[in-house]
Structure formats: C-alpha cells, structure tokens
>>> print(open('coords.pdb').read())   # PDB, C-alpha atoms and all ligand atoms
MODEL        1
ATOM      1  CA  MET U   1    -243.020  14.060  82.131  1.00  0.00           C
ATOM      2  CA  ARG U   2    -240.448  11.337  82.589  1.00  0.00           C
ATOM      3  CA  SER U   3    -238.307  12.734  79.777  1.00  0.00           C
ATOM      4  CA  GLN U   4    -238.516  16.214  81.297  1.00  0.00           C
ATOM      5  CA  ILE U   5    -237.325  14.835  84.637  1.00  0.00           C
ATOM      6  CA  THR U   6    -234.471  13.046  82.890  1.00  0.00           C
ATOM      7  CA  ALA U   7    -233.538  16.268  81.079  1.00  0.00           C
ATOM      8  CA  LEU U   8    -233.713  18.223  84.352  1.00  0.00           C
ATOM      9  CA  GLU U   9    -231.468  15.679  86.021  1.00  0.00           C
ATOM     10  CA  ALA U  10    -228.977  16.007  83.180  1.00  0.00           C
ATOM     11  CA  LEU U  11    -229.228  19.789  83.404  1.00  0.00           C
ATOM     12  CA  GLN U  12    -228.632  19.667  87.123  1.00  0.00           C
ATOM     13  CA  GLN U  13    -225.549  17.512  86.590  1.00  0.00           C
ATOM     14  CA  LEU U  14    -224.294  19.952  83.951  1.00  0.00           C
ATOM     15  CA  ASP U  15    -224.871  22.884  86.299  1.00  0.00           C
ATOM     16  CA  ILE U  16    -222.901  21.141  89.042  1.00  0.00           C
ATOM     17  CA  GLU U  17    -220.043  20.454  86.650  1.00  0.00           C
ATOM     18  CA  LEU U  18    -220.151  24.005  85.282  1.00  0.00           C
ATOM     19  CA  ARG U  19    -219.997  25.350  88.810  1.00  0.00           C
ATOM     20  CA  GLU U  20    -216.936  23.234  89.588  1.00  0.00           C
ATOM     21  CA  LEU U  21    -215.243  24.463  86.413  1.00  0.00           C
ATOM     22  CA  GLU U  22    -216.109  28.059  87.322  1.00  0.00           C
ATOM     23  CA  ASP U  23    -214.576  27.544  90.750  1.00  0.00           C
ATOM     24  CA  ASP U  24    -211.403  26.186  89.153  1.00  0.00           C
ATOM     25  CA  LEU U  25    -211.317  29.080  86.697  1.00  0.00           C
ATOM     26  CA  GLU U  26    -211.388  31.422  89.655  1.00  0.00           C
ATOM     27  CA  ARG U  27    -209.021  29.424  91.844  1.00  0.00           C
ATOM     28  CA  TYR U  28    -206.126  28.779  89.460  1.00  0.00           C
ATOM     29  CA  PRO U  29    -205.505  32.432  88.499  1.00  0.00           C
ATOM     30  CA  GLN U  30    -205.613  33.299  92.208  1.00  0.00           C
ATOM     31  CA  GLU U  31    -203.046  30.601  92.929  1.00  0.00           C
ATOM     32  CA  ILE U  32    -200.862  31.914  90.117  1.00  0.00           C
ATOM     33  CA  SER U  33    -200.967  35.466  91.504  1.00  0.00           C
ATOM     34  CA  ARG U  34    -200.163  34.093  94.938  1.00  0.00           C
ATOM     35  CA  TYR U  35    -197.020  32.378  93.634  1.00  0.00           C
ATOM     36  CA  LYS U  36    -196.032  35.449  91.610  1.00  0.00           C
ATOM     37  CA  GLU U  37    -196.531  37.667  94.621  1.00  0.00           C
ATOM     38  CA  GLU U  38    -194.383  35.413  96.765  1.00  0.00           C
ATOM     39  CA  THR U  39    -191.592  35.494  94.184  1.00  0.00           C
ATOM     40  CA  GLU U  40    -191.906  39.274  94.010  1.00  0.00           C
ATOM     41  CA  ASN U  41    -191.635  39.526  97.809  1.00  0.00           C
ATOM     42  CA  THR U  42    -188.513  37.360  97.801  1.00  0.00           C
ATOM     43  CA  LYS U  43    -187.034  39.558  95.062  1.00  0.00           C
ATOM     44  CA  GLN U  44    -187.740  42.710  97.041  1.00  0.00           C
ATOM     45  CA  SER U  45    -186.313  41.233 100.190  1.00  0.00           C
ATOM     46  CA  LEU U  46    -183.173  40.239  98.276  1.00  0.00           C
ATOM     47  CA  ALA U  47    -182.881  43.723  96.772  1.00  0.00           C
ATOM     48  CA  LYS U  48    -183.169  45.210 100.246  1.00  0.00           C
ATOM     49  CA  ALA U  49    -180.442  42.961 101.630  1.00  0.00           C
ATOM     50  CA  LYS U  50    -178.202  43.818  98.659  1.00  0.00           C
ATOM     51  CA  GLU U  51    -178.773  47.523  99.180  1.00  0.00           C
ATOM     52  CA  GLU U  52    -177.896  47.145 102.844  1.00  0.00           C
ATOM     53  CA  LEU U  53    -174.789  45.208 101.882  1.00  0.00           C
ATOM     54  CA  ASN U  54    -173.699  47.990  99.524  1.00  0.00           C
ATOM     55  CA  GLN U  55    -174.335  50.664 102.133  1.00  0.00           C
ATOM     56  CA  THR U  56    -172.293  48.760 104.703  1.00  0.00           C
ATOM     57  CA  ARG U  57    -169.452  48.280 102.209  1.00  0.00           C
ATOM     58  CA  LYS U  58    -169.496  52.004 101.534  1.00  0.00           C
ATOM     59  CA  ARG U  59    -169.481  52.807 105.234  1.00  0.00           C
ATOM     60  CA  LYS U  60    -166.562  50.445 105.822  1.00  0.00           C
ATOM     61  CA  MET U  61    -164.597  52.021 102.977  1.00  0.00           C
ATOM     62  CA  GLU U  62    -165.259  55.476 104.393  1.00  0.00           C
ATOM     63  CA  SER U  63    -164.090  54.369 107.845  1.00  0.00           C
ATOM     64  CA  GLU U  64    -160.982  52.818 106.353  1.00  0.00           C
ATOM     65  CA  SER U  65    -160.183  55.923 104.351  1.00  0.00           C
ATOM     66  CA  LYS U  66    -160.680  58.121 107.444  1.00  0.00           C
ATOM     67  CA  LEU U  67    -158.450  55.792 109.443  1.00  0.00           C
ATOM     68  CA  SER U  68    -155.659  55.903 106.902  1.00  0.00           C
ATOM     69  CA  GLY U  69    -155.969  59.707 106.667  1.00  0.00           C
ATOM     70  CA  ASN U  70    -155.711  59.935 110.439  1.00  0.00           C
ATOM     71  CA  LYS U  71    -152.644  57.680 110.475  1.00  0.00           C
ATOM     72  CA  ASP U  72    -150.962  60.026 107.997  1.00  0.00           C
ATOM     73  CA  LYS U  73    -151.909  62.966 110.198  1.00  0.00           C
ATOM     74  CA  ILE U  74    -150.317  61.260 113.220  1.00  0.00           C
ATOM     75  CA  LYS U  75    -147.120  60.494 111.306  1.00  0.00           C
ATOM     76  CA  LYS U  76    -146.808  64.109 110.171  1.00  0.00           C
ATOM     77  CA  ALA U  77    -147.567  65.405 113.666  1.00  0.00           C
ATOM     78  CA  GLU U  78    -144.984  63.079 115.178  1.00  0.00           C
ATOM     79  CA  VAL U  79    -142.369  64.435 112.785  1.00  0.00           C
ATOM     80  CA  LYS U  80    -143.435  67.964 113.699  1.00  0.00           C
ATOM     81  CA  LEU U  81    -142.936  67.183 117.393  1.00  0.00           C
ATOM     82  CA  PHE U  82    -139.146  67.250 116.836  1.00  0.00           C
ATOM     83  CA  GLU U  83    -139.301  70.693 115.297  1.00  0.00           C
ATOM     84  CA  ILE U  84    -141.327  72.272 118.080  1.00  0.00           C
ATOM     85  CA  LYS U  85    -139.667  74.959 120.174  1.00  0.00           C
ATOM     86  CA  THR U  86    -142.064  75.666 123.069  1.00  0.00           C
ATOM     87  CA  TYR U  87    -143.536  73.311 125.597  1.00  0.00           C
ATOM     88  CA  ARG U  88    -147.032  74.718 125.013  1.00  0.00           C
ATOM     89  CA  GLU U  89    -146.846  73.923 121.333  1.00  0.00           C
ATOM     90  CA  TYR U  90    -145.515  70.503 122.194  1.00  0.00           C
ATOM     91  CA  GLU U  91    -148.342  69.904 124.640  1.00  0.00           C
ATOM     92  CA  ALA U  92    -150.977  71.072 122.143  1.00  0.00           C
ATOM     93  CA  LEU U  93    -149.624  68.811 119.437  1.00  0.00           C
ATOM     94  CA  GLN U  94    -149.423  65.851 121.822  1.00  0.00           C
ATOM     95  CA  LYS U  95    -153.073  66.438 122.710  1.00  0.00           C
ATOM     96  CA  GLU U  96    -153.979  66.603 119.032  1.00  0.00           C
ATOM     97  CA  ILE U  97    -152.169  63.317 118.399  1.00  0.00           C
ATOM     98  CA  GLY U  98    -153.934  61.758 121.368  1.00  0.00           C
ATOM     99  CA  ASP U  99    -157.337  62.875 120.079  1.00  0.00           C
ATOM    100  CA  VAL U 100    -156.657  61.465 116.615  1.00  0.00           C
ATOM    101  CA  LYS U 101    -155.477  58.174 118.128  1.00  0.00           C
ATOM    102  CA  LYS U 102    -158.657  57.979 120.158  1.00  0.00           C
ATOM    103  CA  ALA U 103    -160.691  58.671 117.037  1.00  0.00           C
ATOM    104  CA  ASN U 104    -158.761  55.927 115.308  1.00  0.00           C
ATOM    105  CA  ALA U 105    -159.557  53.439 118.041  1.00  0.00           C
ATOM    106  CA  ASP U 106    -163.238  54.252 117.516  1.00  0.00           C
ATOM    107  CA  LEU U 107    -162.827  53.900 113.767  1.00  0.00           C
ATOM    108  CA  GLU U 108    -161.123  50.523 114.166  1.00  0.00           C
ATOM    109  CA  GLU U 109    -163.990  49.375 116.319  1.00  0.00           C
ATOM    110  CA  ASP U 110    -166.453  50.637 113.699  1.00  0.00           C
ATOM    111  CA  ILE U 111    -164.586  48.777 110.981  1.00  0.00           C
ATOM    112  CA  LEU U 112    -164.707  45.533 112.981  1.00  0.00           C
ATOM    113  CA  LYS U 113    -168.446  45.932 113.476  1.00  0.00           C
ATOM    114  CA  GLU U 114    -168.920  46.719 109.800  1.00  0.00           C
ATOM    115  CA  MET U 115    -166.940  43.638 108.846  1.00  0.00           C
ATOM    116  CA  GLU U 116    -169.148  41.526 111.058  1.00  0.00           C
ATOM    117  CA  THR U 117    -172.281  43.091 109.578  1.00  0.00           C
ATOM    118  CA  LEU U 118    -170.899  42.519 106.091  1.00  0.00           C
ATOM    119  CA  GLU U 119    -170.303  38.850 106.791  1.00  0.00           C
ATOM    120  CA  GLY U 120    -173.888  38.423 107.995  1.00  0.00           C
ATOM    121  CA  LEU U 121    -175.276  40.331 105.044  1.00  0.00           C
ATOM    122  CA  GLU U 122    -173.209  38.374 102.535  1.00  0.00           C
ATOM    123  CA  THR U 123    -174.597  35.127 103.955  1.00  0.00           C
ATOM    124  CA  GLU U 124    -178.094  36.580 103.926  1.00  0.00           C
ATOM    125  CA  VAL U 125    -177.816  37.698 100.308  1.00  0.00           C
ATOM    126  CA  LYS U 126    -176.455  34.304  99.252  1.00  0.00           C
ATOM    127  CA  GLU U 127    -179.270  32.491 101.045  1.00  0.00           C
ATOM    128  CA  LYS U 128    -181.883  34.788  99.573  1.00  0.00           C
ATOM    129  CA  GLU U 129    -180.461  34.316  96.090  1.00  0.00           C
ATOM    130  CA  ASN U 130    -180.632  30.549  96.518  1.00  0.00           C
ATOM    131  CA  THR U 131    -184.169  30.715  97.842  1.00  0.00           C
ATOM    132  CA  LEU U 132    -185.209  32.935  94.957  1.00  0.00           C
ATOM    133  CA  ASN U 133    -183.637  30.604  92.397  1.00  0.00           C
ATOM    134  CA  GLU U 134    -185.323  27.561  93.893  1.00  0.00           C
ATOM    135  CA  LYS U 135    -188.665  29.298  94.238  1.00  0.00           C
ATOM    136  CA  GLU U 136    -188.575  30.691  90.736  1.00  0.00           C
ATOM    137  CA  LYS U 137    -187.797  27.286  89.271  1.00  0.00           C
ATOM    138  CA  GLU U 138    -190.478  25.550  91.321  1.00  0.00           C
ATOM    139  CA  TYR U 139    -193.094  28.235  90.822  1.00  0.00           C
ATOM    140  CA  ASP U 140    -192.469  28.548  87.104  1.00  0.00           C
ATOM    141  CA  LYS U 141    -193.270  24.854  86.810  1.00  0.00           C
ATOM    142  CA  ILE U 142    -196.409  25.171  88.910  1.00  0.00           C
ATOM    143  CA  ILE U 143    -197.575  28.276  87.069  1.00  0.00           C
ATOM    144  CA  ASP U 144    -196.998  26.504  83.768  1.00  0.00           C
ATOM    145  CA  ILE U 145    -199.136  23.559  84.922  1.00  0.00           C
ATOM    146  CA  TYR U 146    -201.854  25.896  86.171  1.00  0.00           C
ATOM    147  CA  ASN U 147    -201.893  27.869  82.941  1.00  0.00           C
ATOM    148  CA  ARG U 148    -202.307  24.647  80.996  1.00  0.00           C
ATOM    149  CA  LYS U 149    -205.100  23.644  83.369  1.00  0.00           C
ATOM    150  CA  ILE U 150    -206.805  26.987  82.859  1.00  0.00           C
ATOM    151  CA  SER U 151    -206.823  26.566  79.087  1.00  0.00           C
ATOM    152  CA  GLU U 152    -208.076  22.971  79.434  1.00  0.00           C
ATOM    153  CA  ILE U 153    -210.807  24.038  81.833  1.00  0.00           C
ATOM    154  CA  THR U 154    -211.783  26.956  79.608  1.00  0.00           C
ATOM    155  CA  LYS U 155    -212.246  24.542  76.719  1.00  0.00           C
ATOM    156  CA  ALA U 156    -214.199  22.058  78.846  1.00  0.00           C
ATOM    157  CA  TYR U 157    -216.317  24.914  80.144  1.00  0.00           C
ATOM    158  CA  GLU U 158    -217.266  26.070  76.656  1.00  0.00           C
ATOM    159  CA  ILE U 159    -218.211  22.510  75.675  1.00  0.00           C
ATOM    160  CA  LYS U 160    -220.314  22.050  78.804  1.00  0.00           C
ATOM    161  CA  LYS U 161    -222.017  25.375  78.202  1.00  0.00           C
ATOM    162  CA  GLN U 162    -223.020  24.211  74.738  1.00  0.00           C
ATOM    163  CA  GLU U 163    -224.294  20.937  76.217  1.00  0.00           C
ATOM    164  CA  LYS U 164    -226.296  22.924  78.724  1.00  0.00           C
ATOM    165  CA  LYS U 165    -227.791  25.066  75.977  1.00  0.00           C
ATOM    166  CA  LYS U 166    -228.872  21.919  74.148  1.00  0.00           C
ATOM    167  CA  MET U 167    -230.319  20.421  77.306  1.00  0.00           C
ATOM    168  CA  VAL U 168    -232.231  23.595  78.144  1.00  0.00           C
ATOM    169  CA  SER U 169    -233.763  23.526  74.658  1.00  0.00           C
ATOM    170  CA  LEU U 170    -235.224  20.115  75.503  1.00  0.00           C
ATOM    171  CA  ILE U 171    -236.926  21.429  78.611  1.00  0.00           C
ATOM    172  CA  ASN U 172    -240.276  23.129  78.707  1.00  0.00           C
ATOM    173  CA  PRO U 173    -239.593  26.865  79.332  1.00  0.00           C
ATOM    174  CA  GLU U 174    -241.959  27.014  82.303  1.00  0.00           C
ATOM    175  CA  ILE U 175    -240.313  24.023  83.905  1.00  0.00           C
ATOM    176  CA  HIS U 176    -236.924  25.560  83.219  1.00  0.00           C
ATOM    177  CA  THR U 177    -237.965  28.786  84.915  1.00  0.00           C
ATOM    178  CA  LEU U 178    -239.133  26.757  87.899  1.00  0.00           C
ATOM    179  CA  TYR U 179    -235.828  24.876  87.875  1.00  0.00           C
ATOM    180  CA  GLU U 180    -233.819  28.106  87.909  1.00  0.00           C
ATOM    181  CA  ARG U 181    -235.941  29.536  90.716  1.00  0.00           C
ATOM    182  CA  ILE U 182    -235.419  26.456  92.904  1.00  0.00           C
ATOM    183  CA  ARG U 183    -231.743  26.318  92.003  1.00  0.00           C
ATOM    184  CA  ARG U 184    -231.148  29.889  93.124  1.00  0.00           C
ATOM    185  CA  ARG U 185    -232.826  29.149  96.439  1.00  0.00           C
ATOM    186  CA  ASN U 186    -231.775  25.576  97.162  1.00  0.00           C
ATOM    187  CA  GLY U 187    -228.864  24.708  94.908  1.00  0.00           C
ATOM    188  CA  VAL U 188    -230.053  21.155  94.303  1.00  0.00           C
ATOM    189  CA  VAL U 189    -233.321  21.071  92.368  1.00  0.00           C
ATOM    190  CA  ILE U 190    -234.138  17.471  91.507  1.00  0.00           C
ATOM    191  CA  VAL U 191    -234.228  15.001  94.365  1.00  0.00           C
ATOM    192  CA  GLN U 192    -235.391  11.442  94.772  1.00  0.00           C
ATOM    193  CA  ALA U 193    -238.502  10.536  96.659  1.00  0.00           C
ATOM    194  CA  ARG U 194    -237.963   7.326  98.614  1.00  0.00           C
ATOM    195  CA  ASN U 195    -240.288   5.530 100.961  1.00  0.00           C
ATOM    196  CA  GLU U 196    -242.553   8.568 100.976  1.00  0.00           C
ATOM    197  CA  LEU U 197    -239.652  10.793 102.009  1.00  0.00           C
ATOM    198  CA  CYS U 198    -238.094  13.720 100.169  1.00  0.00           C
ATOM    199  CA  THR U 199    -234.351  13.021 100.099  1.00  0.00           C
ATOM    200  CA  GLY U 200    -233.746  16.757  99.745  1.00  0.00           C
ATOM    201  CA  CYS U 201    -235.185  17.773 103.097  1.00  0.00           C
ATOM    202  CA  ASN U 202    -236.073  14.416 104.701  1.00  0.00           C
ATOM    203  CA  MET U 203    -239.695  15.392 105.222  1.00  0.00           C
ATOM    204  CA  ASN U 204    -242.610  13.081 104.635  1.00  0.00           C
ATOM    205  CA  ILE U 205    -244.458  13.216 101.352  1.00  0.00           C
ATOM    206  CA  PRO U 206    -248.202  12.601 101.641  1.00  0.00           C
ATOM    207  CA  PRO U 207    -249.072   9.140 100.181  1.00  0.00           C
ATOM    208  CA  GLN U 208    -251.316  10.563  97.492  1.00  0.00           C
ATOM    209  CA  LEU U 209    -248.594  12.903  96.306  1.00  0.00           C
ATOM    210  CA  PHE U 210    -245.984  10.138  96.509  1.00  0.00           C
ATOM    211  CA  ASN U 211    -248.153   7.995  94.232  1.00  0.00           C
ATOM    212  CA  GLU U 212    -248.201  10.849  91.768  1.00  0.00           C
ATOM    213  CA  VAL U 213    -244.416  10.995  91.887  1.00  0.00           C
ATOM    214  CA  LEU U 214    -244.343   7.267  91.171  1.00  0.00           C
ATOM    215  CA  THR U 215    -246.578   7.585  88.141  1.00  0.00           C
ATOM    216  CA  SER U 216    -244.749  10.784  87.102  1.00  0.00           C
ATOM    217  CA  LYS U 217    -247.676  12.099  85.140  1.00  0.00           C
ATOM    218  CA  ARG U 218    -247.017  15.649  86.265  1.00  0.00           C
ATOM    219  CA  MET U 219    -244.182  17.599  87.863  1.00  0.00           C
ATOM    220  CA  ILE U 220    -244.400  17.147  91.623  1.00  0.00           C
ATOM    221  CA  GLN U 221    -242.637  19.450  94.067  1.00  0.00           C
ATOM    222  CA  CYS U 222    -241.895  18.629  97.695  1.00  0.00           C
ATOM    223  CA  PRO U 223    -244.496  20.473  99.785  1.00  0.00           C
ATOM    224  CA  ASN U 224    -241.761  21.367 102.251  1.00  0.00           C
ATOM    225  CA  CYS U 225    -238.635  22.355 100.279  1.00  0.00           C
ATOM    226  CA  GLN U 226    -240.266  22.875  96.835  1.00  0.00           C
ATOM    227  CA  ARG U 227    -237.686  20.694  95.112  1.00  0.00           C
ATOM    228  CA  ILE U 228    -238.785  18.632  92.157  1.00  0.00           C
ATOM    229  CA  LEU U 229    -239.305  15.013  93.110  1.00  0.00           C
ATOM    230  CA  TYR U 230    -238.697  11.898  91.095  1.00  0.00           C
ATOM    231  CA  CYS U 231    -238.616   8.157  91.699  1.00  0.00           C
ATOM    232  CA  GLU U 232    -236.124   5.722  90.312  1.00  0.00           C
ATOM    233  CA  GLU U 233    -238.054   3.110  88.377  1.00  0.00           C
ATOM    234  CA  THR U 234    -236.125   0.313  90.058  1.00  0.00           C
ATOM    235  CA  THR U 235    -235.801   1.609  93.569  1.00  0.00           C
ATOM    236  CA  GLU U 236    -235.733  -1.816  95.179  1.00  0.00           C
ATOM    237  CA  GLY U 237    -232.316  -2.784  96.511  1.00  0.00           C
ATOM    238  CA  GLU U 238    -230.555   0.034  94.726  1.00  0.00           C
ATOM    239  CA  VAL U 239    -227.842   2.037  96.396  1.00  0.00           C
ATOM    240  CA  GLN U 240    -228.982   5.559  96.942  1.00  0.00           C
ATOM    241  CA  THR U 241    -226.738   8.192  95.470  1.00  0.00           C
ATOM    242  CA  ALA U 242    -228.356  11.279  96.887  1.00  0.00           C
TER     243      ALA U 242
HETATM  244 ZN    ZN Q   1    -238.256  18.316 100.345  1.00  0.00          ZN
ENDMDL
END
>>> encode(input="coords.pdb", output="structure tokens")
Amino acid sequence: MRSQITALEALQQLDIELRELEDDLERYPQEISRYKEETENTKQSLAKAKEELNQTRKRKMESESKLSGNKDKIKKAEVKLFEIKTYREYEALQKEIGDVKKANADLEEDILKEMETLEGLETEVKEKENTLNEKEKEYDKIIDIYNRKISEITKAYEIKKQEKKKMVSLINPEIHTLYERIRRRNGVVIVQARNELCTGCNMNIPPQLFNEVLTSKRMIQCPNCQRILYCEETTEGEVQTA
C-alpha cells in the first residue's frame, strides 16, 4: 500500500504541474491577443486621425479656393463700377460687392479655424504614430517571448503527460478511479494525517483509523472529507509542507 500512496502522491504532483501548464497555455495566447488588439486599436485610432486630417486639409483648400474666387469677383465688380450708368445699377453692384466681402470675412474665419484644427490634428497624428511605433516594438518583443514560452510549455506539457501515463500504470485501477473521483470533488486527494488530524479538512481521525494510516496496510480515507490519508514515516520534528 505504501508504494501505491507514493505513486498517488507523485500523480497528484504531476496533476498539479499539468494544471499549471494548462493555465499558462490558456493565459499566454490570451495575453498575445490582448497586445495585438491594443496595437490594432492604436492603428485604427491613428487611421481615424489621419482621415480627419485629410478632410480638414480638403476643407481648408476648398475655403481658400472659394476665397480667391470671391476676390476675383470683387476685383471684376469694382472695375465694372466705373462703367455703370445708373445709380440703381451702381447700388445693386455695391450691395453685391458688400455681400461677397462679408462672405469672404466668414471664409477667412473658417480658414483660421481650419488651420488651428490642422495644427492640432498634425500633432495628434505625430503622437499617435510615435505611440504606435513604440507599442509595436515593445509588443513584438513580448509576443515573441510569449510564443517561445508557449512552445516550451507545450513541450513540457507533453513530457509531463507521458510521465502521468506511466505513473497511472503503476496505480491499481480501482484506486485510480477513487483518486479521480476525489480530485474532481476536492482538488487535493492525498493529504497527511498528523496527530490524529486530517490536514485536508482539519477534522479528527479516530485513533483506531489513525493507527491504520500509520501502518498503511490499506487505503484509508478521511471519514469527513474522503481524502486519502498518509503518514510520513519520520513525522517527528519535520516541517509540514501541507
Ligand atoms: Zn479530511
């Protein structure tokens, strides 16, 4: 029975290690997607700022072209003023010139605003480009490390799985079934019995049963938590590593 307990302990250790490797195998790809997603978001945000910058440039050019067209109109109208014969025509043309000048004042204001917006957007785009460059460099390194870790862990996992297979073959099938049942329910299966206490649930073990654990002639389960109990042969003065 002692060898079965030892094998179960080894199996339990392997299961713990396998579980940790499984967690890592789940965690690292998630981390990688998180970094990729963040880079993608930065890219999209940069693209948006660039698009806005282009739109503003276009708007400014349109305003400028309208303004210069209007200035031509005014020049032509002012020349025409000298050729006008009637006061009414003169008045109408003066009004037209006034309207165009007013429109031009608005356009000039628009252009100033657009220039200001452009300045802000140019800074924004530059900053976003820098951020993206830095992030991409940093994240590429991290992702590279994580990918290497994943392949290392995958290898270690396969080796451990083989070890587990070997260990399971050393264990009596009935005991293994019991082990799996307790593991599903309690996680930890094999626990030490110390001073007539189960270290799994801290409940008392009846003296008779505790003696049986000590002699380890048969597999003893804690009456309370059903975990499999064992005693270290040299319990005296040893540090407990529950
Ligand atoms: Zn117990």
>>> closest_atom_pairs(input="coords.pdb", of="chain U", to="ligand ZN 1 (chain Q)", cutoff="8 Å", atoms="all atoms listed in the file", output="Markdown table")
| residue | atom | partner | partner_atom | distance |
| --- | --- | --- | --- | --- |
| U:Val191 | CA | Q:ZN1 | ZN | 7.9 |
| U:Leu197 | CA | Q:ZN1 | ZN | 7.8 |
| U:Cys198 | CA | Q:ZN1 | ZN | 4.6 |
| U:Thr199 | CA | Q:ZN1 | ZN | 6.6 |
| U:Gly200 | CA | Q:ZN1 | ZN | 4.8 |
| U:Cys201 | CA | Q:ZN1 | ZN | 4.2 |
| U:Asn202 | CA | Q:ZN1 | ZN | 6.2 |
| U:Met203 | CA | Q:ZN1 | ZN | 5.9 |
| U:Gln221 | CA | Q:ZN1 | ZN | 7.7 |
| U:Cys222 | CA | Q:ZN1 | ZN | 4.5 |
| U:Pro223 | CA | Q:ZN1 | ZN | 6.6 |
| U:Asn224 | CA | Q:ZN1 | ZN | 5.0 |
| U:Cys225 | CA | Q:ZN1 | ZN | 4.1 |
| U:Gln226 | CA | Q:ZN1 | ZN | 6.1 |
| U:Arg227 | CA | Q:ZN1 | ZN | 5.8 |
>>> closest_residue(input="coords.pdb", among="U:Leu170, U:Ile5, U:Val79, U:Ile16", to="Leu229 in chain U", atoms="all atoms listed in the file")
U:Ile5
>>> resolve_selection(input="coords.pdb", expression="the PyMOL selection byres (((chain U and resi 61-77) around 12) and not hetatm)", output="PyMOL selection string")
chain U and resi 54-60+78-84+89-115+118
>>> atom_distance(input="coords.pdb", atom1="CA of Lys166 in chain U", atom2="CA of Leu14 in chain U")
11.0 Å
>>> resolve_selection(input="coords.pdb", expression="the PyMOL selection byres (((chain U and resi 167) around 12) and not hetatm)", output="ChimeraX atom specification")
/U:3-15,160-166,168-173,176
>>> build_atoms(input="coords.pdb", residues="range 127-142 of chain U", atoms="N, CA and C atoms", output="PDB file, in the coordinates of the input")
ATOM      1  N   GLU U 127    -178.120  33.343 100.716  1.00  0.00           N
ATOM      2  CA  GLU U 127    -179.270  32.491 101.045  1.00  0.00           C
ATOM      3  C   GLU U 127    -180.507  32.943 100.286  1.00  0.00           C
ATOM      4  N   LYS U 128    -180.698  34.259 100.255  1.00  0.00           N
ATOM      5  CA  LYS U 128    -181.883  34.788  99.573  1.00  0.00           C
ATOM      6  C   LYS U 128    -181.820  34.519  98.072  1.00  0.00           C
ATOM      7  N   GLU U 129    -180.616  34.611  97.522  1.00  0.00           N
ATOM      8  CA  GLU U 129    -180.461  34.316  96.090  1.00  0.00           C
ATOM      9  C   GLU U 129    -180.805  32.858  95.805  1.00  0.00           C
ATOM     10  N   ASN U 130    -180.318  31.974  96.688  1.00  0.00           N
ATOM     11  CA  ASN U 130    -180.632  30.549  96.518  1.00  0.00           C
ATOM     12  C   ASN U 130    -182.122  30.289  96.621  1.00  0.00           C
ATOM     13  N   THR U 131    -182.726  30.885  97.654  1.00  0.00           N
ATOM     14  CA  THR U 131    -184.169  30.715  97.842  1.00  0.00           C
ATOM     15  C   THR U 131    -184.921  31.197  96.609  1.00  0.00           C
ATOM     16  N   LEU U 132    -184.526  32.367  96.121  1.00  0.00           N
ATOM     17  CA  LEU U 132    -185.209  32.935  94.957  1.00  0.00           C
ATOM     18  C   LEU U 132    -185.075  32.007  93.746  1.00  0.00           C
ATOM     19  N   ASN U 133    -183.853  31.507  93.529  1.00  0.00           N
ATOM     20  CA  ASN U 133    -183.637  30.604  92.397  1.00  0.00           C
ATOM     21  C   ASN U 133    -184.515  29.367  92.495  1.00  0.00           C
ATOM     22  N   GLU U 134    -184.516  28.768  93.705  1.00  0.00           N
ATOM     23  CA  GLU U 134    -185.323  27.561  93.893  1.00  0.00           C
ATOM     24  C   GLU U 134    -186.801  27.858  93.690  1.00  0.00           C
ATOM     25  N   LYS U 135    -187.249  28.945  94.336  1.00  0.00           N
ATOM     26  CA  LYS U 135    -188.665  29.298  94.238  1.00  0.00           C
ATOM     27  C   LYS U 135    -189.070  29.570  92.804  1.00  0.00           C
ATOM     28  N   GLU U 136    -188.229  30.339  92.121  1.00  0.00           N
ATOM     29  CA  GLU U 136    -188.575  30.691  90.736  1.00  0.00           C
ATOM     30  C   GLU U 136    -188.699  29.451  89.865  1.00  0.00           C
ATOM     31  N   LYS U 137    -187.756  28.517  90.060  1.00  0.00           N
ATOM     32  CA  LYS U 137    -187.797  27.286  89.271  1.00  0.00           C
ATOM     33  C   LYS U 137    -189.075  26.509  89.570  1.00  0.00           C
ATOM     34  N   GLU U 138    -189.309  26.327  90.883  1.00  0.00           N
ATOM     35  CA  GLU U 138    -190.478  25.550  91.321  1.00  0.00           C
ATOM     36  C   GLU U 138    -191.778  26.226  90.874  1.00  0.00           C
ATOM     37  N   TYR U 139    -191.849  27.515  91.114  1.00  0.00           N
ATOM     38  CA  TYR U 139    -193.094  28.235  90.822  1.00  0.00           C
ATOM     39  C   TYR U 139    -193.353  28.334  89.325  1.00  0.00           C
ATOM     40  N   ASP U 140    -192.288  28.503  88.557  1.00  0.00           N
ATOM     41  CA  ASP U 140    -192.469  28.548  87.104  1.00  0.00           C
ATOM     42  C   ASP U 140    -193.128  27.269  86.609  1.00  0.00           C
ATOM     43  N   LYS U 141    -192.677  26.138  87.194  1.00  0.00           N
ATOM     44  CA  LYS U 141    -193.270  24.854  86.810  1.00  0.00           C
ATOM     45  C   LYS U 141    -194.742  24.816  87.182  1.00  0.00           C
ATOM     46  N   ILE U 142    -195.023  25.199  88.434  1.00  0.00           N
ATOM     47  CA  ILE U 142    -196.409  25.171  88.910  1.00  0.00           C
ATOM     48  C   ILE U 142    -197.289  26.088  88.072  1.00  0.00           C
TER      49      ILE U 142
END
